[in-house]
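File shown: final.cif. Contents: mmCIF, C-alpha atoms and all ligand atoms.
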```cif
data_upload
#
loop_
_atom_site.label_atom_id
_atom_site.label_comp_id
_atom_site.auth_asym_id
_atom_site.auth_seq_id
_atom_site.Cartn_x
_atom_site.Cartn_y
_atom_site.Cartn_z
CA MET A 11 -16.05 -9.70 -13.71
CA LEU A 12 -14.67 -12.90 -12.23
CA LEU A 13 -13.09 -11.47 -9.11
CA THR A 14 -13.63 -8.01 -7.69
CA ILE A 15 -11.66 -6.64 -4.77
CA ASP A 16 -12.55 -3.25 -3.30
CA ASN A 17 -11.14 -1.19 -0.44
CA LEU A 18 -9.43 -4.23 1.01
CA THR A 19 -7.61 -3.49 4.27
CA MET A 20 -5.98 -6.16 6.34
CA ARG A 21 -4.04 -5.65 9.54
CA TYR A 22 -2.78 -8.68 11.45
CA PRO A 23 -3.41 -8.75 15.20
CA ARG A 24 -0.88 -6.59 17.05
CA ALA A 25 0.76 -5.46 13.80
CA GLU A 26 1.81 -1.82 13.66
CA SER A 27 0.83 -1.25 10.08
CA CYS A 28 -1.58 -2.66 7.55
CA ALA A 29 -0.44 -5.64 5.48
CA LEU A 30 -2.88 -4.44 2.83
CA ASP A 31 -4.07 -0.88 2.68
CA ASN A 32 -7.17 -0.08 0.66
CA VAL A 33 -6.45 -2.44 -2.20
CA ALA A 34 -8.65 -2.67 -5.26
CA LEU A 35 -8.21 -5.25 -8.00
CA ASN A 36 -10.40 -6.86 -10.65
CA LEU A 37 -9.79 -10.02 -12.60
CA THR A 38 -11.53 -11.18 -15.75
CA ALA A 39 -11.81 -14.72 -17.10
CA GLY A 40 -8.57 -16.08 -18.50
CA GLU A 41 -6.48 -13.13 -17.37
CA ARG A 42 -2.95 -13.78 -16.14
CA VAL A 43 -1.66 -11.47 -13.43
CA ALA A 44 1.72 -11.48 -11.75
CA VAL A 45 2.01 -9.73 -8.39
CA LEU A 46 5.40 -8.24 -7.65
CA GLY A 47 6.66 -6.58 -4.50
CA GLN A 48 9.39 -6.63 -1.91
CA SER A 49 9.39 -9.10 0.91
CA GLY A 50 6.70 -8.03 3.37
CA SER A 51 4.83 -5.90 0.84
CA GLY A 52 1.60 -7.90 1.23
CA LYS A 53 1.60 -10.38 -1.67
CA SER A 54 0.83 -13.47 0.40
CA THR A 55 -1.77 -11.59 2.39
CA LEU A 56 -3.56 -10.72 -0.83
CA VAL A 57 -3.74 -14.40 -1.81
CA ARG A 58 -4.89 -15.29 1.73
CA CYS A 59 -7.69 -12.74 1.52
CA ILE A 60 -8.84 -14.16 -1.81
CA ASN A 61 -8.95 -17.74 -0.60
CA ARG A 62 -10.36 -16.78 2.80
CA LEU A 63 -7.44 -17.91 4.92
CA VAL A 64 -7.56 -14.55 6.67
CA GLU A 65 -10.43 -12.17 7.18
CA PRO A 66 -9.79 -8.56 6.25
CA GLN A 67 -10.86 -5.73 8.57
CA SER A 68 -12.68 -4.03 5.78
CA GLY A 69 -13.36 -4.19 2.11
CA ARG A 70 -14.93 -6.67 -0.19
CA VAL A 71 -13.86 -9.71 -2.19
CA ALA A 72 -16.53 -10.75 -4.67
CA TRP A 73 -16.68 -13.79 -6.92
CA ASP A 74 -19.05 -13.59 -9.84
CA GLY A 75 -20.51 -10.56 -8.10
CA GLN A 76 -21.11 -12.35 -4.77
CA ASP A 77 -19.34 -11.36 -1.59
CA VAL A 78 -17.14 -14.35 -0.63
CA LEU A 79 -17.39 -13.57 3.07
CA GLY A 80 -21.15 -14.03 2.93
CA LEU A 81 -21.24 -17.28 0.96
CA LYS A 82 -23.55 -20.00 2.22
CA PRO A 83 -21.98 -23.46 2.70
CA GLU A 84 -23.09 -24.73 -0.70
CA GLN A 85 -21.80 -21.60 -2.45
CA LEU A 86 -18.59 -21.72 -0.48
CA LYS A 87 -18.02 -25.26 -1.65
CA ARG A 88 -18.42 -24.12 -5.24
CA TYR A 89 -16.10 -21.18 -4.68
CA ARG A 90 -13.46 -23.49 -3.24
CA ARG A 91 -13.79 -25.64 -6.32
CA ASP A 92 -13.64 -22.67 -8.68
CA VAL A 93 -10.40 -21.43 -7.14
CA GLY A 94 -7.48 -23.84 -7.50
CA MET A 95 -4.21 -23.41 -5.64
CA ILE A 96 -0.61 -24.25 -6.40
CA PHE A 97 2.06 -24.00 -3.72
CA GLN A 98 5.69 -23.04 -3.35
CA ASN A 99 6.44 -26.35 -1.61
CA PHE A 100 4.07 -28.22 -3.99
CA ALA A 101 2.13 -29.78 -1.08
CA LEU A 102 2.18 -33.32 -2.46
CA VAL A 103 1.73 -36.41 -0.32
CA ASP A 104 5.18 -37.98 -0.57
CA ARG A 105 4.15 -41.56 0.11
CA LEU A 106 1.40 -41.52 -2.52
CA ASP A 107 1.99 -42.11 -6.19
CA VAL A 108 1.55 -39.32 -8.69
CA LEU A 109 -1.88 -40.47 -9.88
CA HIS A 110 -3.29 -40.46 -6.35
CA ASN A 111 -1.79 -37.07 -5.66
CA VAL A 112 -3.73 -35.77 -8.64
CA LEU A 113 -6.91 -37.57 -7.57
CA VAL A 114 -6.77 -35.69 -4.27
CA GLY A 115 -7.79 -32.67 -6.36
CA SER A 116 -11.21 -34.17 -7.07
CA PHE A 117 -12.35 -33.18 -3.57
CA GLY A 118 -15.58 -31.27 -3.69
CA ARG A 119 -16.92 -33.60 -6.35
CA GLN A 120 -17.44 -36.46 -3.92
CA PRO A 121 -18.16 -37.12 -0.24
CA TRP A 122 -15.16 -36.07 1.87
CA TRP A 123 -14.49 -39.63 3.13
CA ARG A 124 -14.11 -41.26 -0.28
CA PRO A 125 -10.47 -40.22 -0.83
CA LEU A 126 -9.65 -41.61 2.61
CA LEU A 127 -10.74 -45.02 1.41
CA GLY A 128 -8.80 -44.54 -1.78
CA ARG A 129 -11.99 -44.91 -3.79
CA TYR A 130 -12.30 -42.96 -6.95
CA SER A 131 -14.66 -43.43 -9.85
CA ALA A 132 -13.45 -44.55 -13.27
CA GLU A 133 -14.37 -41.09 -14.48
CA GLU A 134 -12.16 -39.43 -11.89
CA VAL A 135 -9.25 -41.70 -12.75
CA ALA A 136 -9.72 -40.88 -16.44
CA MET A 137 -9.76 -37.17 -15.59
CA ALA A 138 -6.58 -37.51 -13.53
CA LEU A 139 -4.79 -39.35 -16.32
CA ASP A 140 -5.87 -36.70 -18.76
CA ALA A 141 -4.59 -33.96 -16.43
CA LEU A 142 -1.25 -35.78 -16.15
CA LYS A 143 -1.03 -35.97 -19.91
CA ARG A 144 -1.61 -32.24 -20.18
CA VAL A 145 1.28 -31.49 -17.84
CA GLY A 146 3.55 -34.00 -19.57
CA MET A 147 3.68 -36.44 -16.66
CA SER A 148 1.79 -39.49 -17.99
CA ASP A 149 4.80 -41.73 -17.74
CA LYS A 150 5.19 -40.92 -14.02
CA ALA A 151 1.63 -41.78 -12.95
CA ALA A 152 2.79 -44.74 -10.85
CA ALA A 153 5.91 -43.09 -9.39
CA ARG A 154 5.97 -42.08 -5.75
CA ALA A 155 5.80 -38.32 -5.35
CA ASP A 156 9.03 -38.20 -3.35
CA ARG A 157 10.91 -39.52 -6.38
CA LEU A 158 10.16 -36.43 -8.46
CA SER A 159 12.23 -33.33 -9.15
CA GLY A 160 10.88 -29.94 -8.12
CA GLY A 161 9.71 -29.09 -11.63
CA GLN A 162 7.94 -32.42 -11.93
CA ARG A 163 6.31 -31.89 -8.54
CA GLN A 164 4.88 -28.57 -9.60
CA ARG A 165 3.54 -30.15 -12.79
CA VAL A 166 1.72 -32.66 -10.60
CA GLY A 167 0.51 -29.76 -8.45
CA ILE A 168 -0.94 -28.15 -11.56
CA ALA A 169 -2.59 -31.42 -12.63
CA ARG A 170 -4.13 -31.71 -9.16
CA ALA A 171 -5.52 -28.17 -9.43
CA LEU A 172 -6.98 -29.01 -12.86
CA MET A 173 -9.11 -31.77 -11.31
CA GLN A 174 -11.30 -29.04 -9.80
CA LYS A 175 -11.91 -27.53 -13.23
CA PRO A 176 -10.96 -24.20 -11.68
CA ARG A 177 -11.81 -20.81 -13.13
CA LEU A 178 -8.97 -19.18 -11.24
CA ILE A 179 -5.62 -20.60 -10.15
CA LEU A 180 -3.80 -18.83 -7.32
CA GLY A 181 -0.13 -19.38 -6.61
CA ASP A 182 1.98 -17.86 -3.84
CA GLU A 183 5.49 -18.04 -5.31
CA PRO A 184 4.88 -21.35 -7.06
CA VAL A 185 8.23 -21.32 -8.84
CA SER A 186 10.46 -19.80 -6.16
CA SER A 187 12.10 -23.09 -5.28
CA LEU A 188 12.87 -24.00 -8.89
CA ASP A 189 15.89 -23.05 -10.94
CA PRO A 190 15.24 -20.34 -13.55
CA VAL A 191 15.02 -22.66 -16.56
CA ILE A 192 12.58 -25.03 -14.87
CA ALA A 193 10.65 -22.09 -13.41
CA ARG A 194 10.15 -20.74 -16.91
CA SER A 195 8.98 -24.09 -18.27
CA VAL A 196 6.43 -24.45 -15.46
CA LEU A 197 5.14 -20.92 -16.11
CA SER A 198 4.99 -21.65 -19.81
CA LEU A 199 2.85 -24.71 -19.10
CA LEU A 200 0.52 -22.68 -16.87
CA ARG A 201 0.25 -20.05 -19.55
CA GLU A 202 -0.72 -22.65 -22.13
CA ILE A 203 -3.35 -24.19 -19.85
CA SER A 204 -4.73 -20.78 -18.93
CA GLU A 205 -5.10 -19.98 -22.63
CA GLN A 206 -6.65 -23.31 -23.59
CA ASP A 207 -9.18 -23.41 -20.75
CA SER A 208 -9.64 -19.67 -20.16
CA ILE A 209 -8.52 -20.04 -16.57
CA ALA A 210 -7.48 -16.83 -14.85
CA VAL A 211 -4.17 -17.14 -13.01
CA LEU A 212 -2.82 -14.87 -10.29
CA LEU A 213 0.71 -15.59 -9.14
CA ASN A 214 3.00 -13.92 -6.65
CA LEU A 215 6.43 -13.90 -8.22
CA HIS A 216 9.82 -12.67 -7.11
CA ASN A 217 11.40 -12.39 -10.53
CA VAL A 218 10.60 -9.49 -12.82
CA GLU A 219 11.68 -11.28 -16.00
CA LEU A 220 9.48 -14.28 -15.21
CA ALA A 221 6.58 -11.97 -14.43
CA ARG A 222 6.95 -10.29 -17.82
CA PHE A 223 7.21 -13.68 -19.50
CA PHE A 224 4.12 -15.05 -17.80
CA ALA A 225 1.59 -12.30 -17.34
CA HIS A 226 -0.62 -10.00 -19.37
CA ARG A 227 -0.76 -7.72 -16.45
CA ILE A 228 1.45 -6.85 -13.53
CA VAL A 229 0.36 -5.63 -10.16
CA GLY A 230 3.10 -4.01 -8.10
CA ILE A 231 2.61 -3.73 -4.35
CA HIS A 232 4.64 -1.68 -1.94
CA ALA A 233 3.87 -1.54 1.79
CA GLY A 234 0.39 -2.92 1.28
CA ARG A 235 -0.58 -0.51 -1.48
CA ILE A 236 -0.87 -1.11 -5.17
CA VAL A 237 1.66 1.17 -6.83
CA TYR A 238 1.31 -0.24 -10.35
CA ASP A 239 -1.45 -2.09 -12.15
CA GLY A 240 -0.95 -2.30 -15.86
CA PRO A 241 0.41 -4.18 -18.83
CA ALA A 242 3.57 -6.20 -18.50
CA ASP A 243 5.33 -3.98 -21.04
CA GLY A 244 4.56 -0.89 -18.98
CA LEU A 245 6.96 -2.04 -16.31
CA THR A 246 9.52 0.69 -16.87
CA ASN A 247 12.48 1.44 -14.63
CA GLU A 248 10.51 4.27 -13.11
CA VAL A 249 7.69 1.85 -12.22
CA LEU A 250 10.15 -0.71 -10.89
CA ALA A 251 11.63 1.94 -8.61
CA ARG A 252 8.17 2.45 -7.13
CA VAL A 253 7.65 -1.28 -6.59
CA TYR A 254 11.18 -1.87 -5.30
CA PRO A 255 12.23 1.49 -3.86
CA PRO A 256 15.92 1.68 -2.97
CA GLU A 257 16.61 1.43 0.75
CA ALA A 258 16.35 4.86 2.33
N1 LIG A 301 0.57 -14.13 10.39
C1 LIG A 301 1.03 -12.88 10.50
N2 LIG A 301 0.97 -12.20 11.66
C2 LIG A 301 1.39 -10.93 11.77
N3 LIG A 301 1.92 -10.22 10.74
C3 LIG A 301 2.01 -10.85 9.55
C4 LIG A 301 1.58 -12.20 9.36
N4 LIG A 301 1.80 -12.53 8.07
C5 LIG A 301 2.34 -11.46 7.50
N5 LIG A 301 2.47 -10.44 8.37
C6 LIG A 301 2.99 -9.09 8.07
O1 LIG A 301 2.18 -8.53 7.05
C7 LIG A 301 2.98 -7.86 6.09
C8 LIG A 301 2.77 -8.47 4.71
O2 LIG A 301 3.26 -9.81 4.73
P1 LIG A 301 3.13 -10.81 3.50
O3 LIG A 301 3.51 -12.14 4.01
O4 LIG A 301 1.79 -10.65 2.89
O5 LIG A 301 4.25 -10.23 2.53
P2 LIG A 301 4.84 -10.86 1.19
O6 LIG A 301 4.80 -9.78 0.18
O7 LIG A 301 4.15 -12.12 0.87
O8 LIG A 301 6.36 -11.14 1.59
P3 LIG A 301 7.37 -12.29 1.04
O9 LIG A 301 7.82 -11.83 -0.31
O10 LIG A 301 8.48 -12.27 2.04
O11 LIG A 301 6.62 -13.57 1.01
C9 LIG A 301 4.42 -7.94 6.60
O12 LIG A 301 4.68 -6.77 7.31
C10 LIG A 301 4.39 -9.14 7.51
O13 LIG A 301 5.35 -9.00 8.53
MG MG A 302 4.80 -14.07 0.70
#
```

Structure encoded using structure tokens:
Amino acid sequence: MLLTIDNLTMRYPRAESCALDNVALNLTAGERVAVLGQSGSGKSTLVRCINRLVEPQSGRVAWDGQDVLGLKPEQLKRYRRDVGMIFQNFALVDRLDVLHNVLVGSFGRQPWWRPLLGRYSAEEVAMALDALKRVGMSDKAAARADRLSGGQRQRVGIARALMQKPRLILGDEPVSSLDPVIARSVLSLLREISEQDSIAVLLNLHNVELARFFAHRIVGIHAGRIVYDGPADGLTNEVLARVYPPEA
């Protein structure tokens, strides 16, 4: 098992209720999971618990069988490299060109100060160019990031994540600021890469159709609890009513 989550409970300081309540979830290599749920249901918190941005009150997140909260610095570095991230706002450096935005993703392979000097090895540059080719952005390598459209930005974000040679890519609403057609093309690209490289991908999505299109498996969360975990084609109206209950 790539990622194992057990009994995960997370309550933010001073919050009245749990953001996540006894959540369990396993991920295998190459699996694509879409997480659906209303606003406030706990989707972002789940991603934050996986990448250690917040510390849960109880429960366990394990990577390759090892508890991620107990990782030693060297192991933590490897974990950070294994888990790539893509972002809703893309998180590119606007004043840098596309190639250098991708090269930023080679952190963890080199001393931390090297990118600050703008020094990358020929091998890293070759890797970055290859990543740009895979996302269909070779011809934009020299363009400044702030000249790109949203869809192009997310392609660069994916190329940057690929520099880590990740085994899992996490995305908290990575296509929410794109129009539906572009959103679909970005998800289709991620799907292709996940298949080619056997990278597991877990995305929080807001759109049921896109979730069905993208994922093998859907996890539905309501009020911090998993109310559905199953195949994309099992997402019946009855299940959807559990994930998105009508206002009382
Ligand atoms: N930093 C925080 N401090 C306190 N409470 C928080 C914090 N972040 C989230 N919460 C609360 O935790 C619960 C889950 O929030 P979370 O952001 O995980 O939901 P979400 O499913 O990602 O929502 P959205 O679809 O709006 O992004 C909500 O009740 C939210 O108000
Ligand atoms: Mg969120």

Throw together the list of residues within 10 Å of ligand LIG 301 (chain A), counting only C-alpha atoms and all ligand atoms, and drop it here as a ChimeraX atom specification.
-> /A:20-30,45-59,64,182-183,214-216,231-234

So which one's closest to Leu188 (chain A), A:Lys150, A:Arg163, A:Lys175, A:Arg235? Using all atoms listed in the file, please.
->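 Comparing A:Lys150, A:Arg163, A:Lys175, A:Arg235 against Leu188 (chain A), the winner is A:Arg163.
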
What separation in Å, quoted to one decimal, exists between CA of Ser159 (chain A) and atom MG of ligand MG 302 (chain A)?
->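 These atoms are spaced 22.9 Å apart.
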
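Shell of Arg105 (chain A) at 10 Å, with all atoms listed in the file counted and residues fewer than 6 places along the chain excluded, is Asn111, Ala153, Arg154, Ala155, Asp156 and Arg157 of chain A.
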
Residues within 12 Å of Val196 (chain A), all atoms listed in the file, excluding chain neighbours under 3 positions, as a VMD selection string | chain A and resid 96 145 to 146 160 to 169 184 to 193 199 to 203 220 223 to 224

Between CA of Val33 (chain A) and CA of Thr19 (chain A) - distance in Å to one decimal |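 About the pair CA of Thr19 (chain A) and CA of Val33 (chain A): they are 6.7 Å apart.
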
Atomic separation - CA of Ala210 (chain A) relative to CA of Glu133 (chain A), Å |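 Between CA of Glu133 (chain A) and CA of Ala210 (chain A) the gap works out to 25.2 Å.
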
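When all atoms listed in the file are used to compute distances to ligand MG 302 (chain A), the closest of the residues A:Met147, A:Gly230, A:Pro176, A:Gln98 turns out to be A:Gln98.
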
Between A:Gly181, A:Gly244, A:Gly40, A:Gly75, which is the closest to ligand MG 302 (chain A) once you count all atoms listed in the file?
->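 Closest residue, counting all atoms listed in the file: A:Gly181.
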
Residue nearest ligand MG 302 (chain A) among A:Lys143, A:Arg222, A:Thr38, A:Phe97 (counting only C-alpha atoms and all ligand atoms) |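 Distance minimum relative to ligand MG 302 (chain A) lands on A:Phe97.
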
Test item: residues at most 10 Å from region 68-74 of chain A, all atoms listed in the file, excluding those fewer than 6 positions along its chain, as a PyMOL selection string = chain A and resi 11-21+31-38+59-62+80-81+89+92-93

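Minimum atom-to-atom distance to Pro241 (chain A), evaluated using all atoms listed in the file, belongs to A:Val229 out of A:Val253, A:Ala101, A:Val229, A:Leu79.
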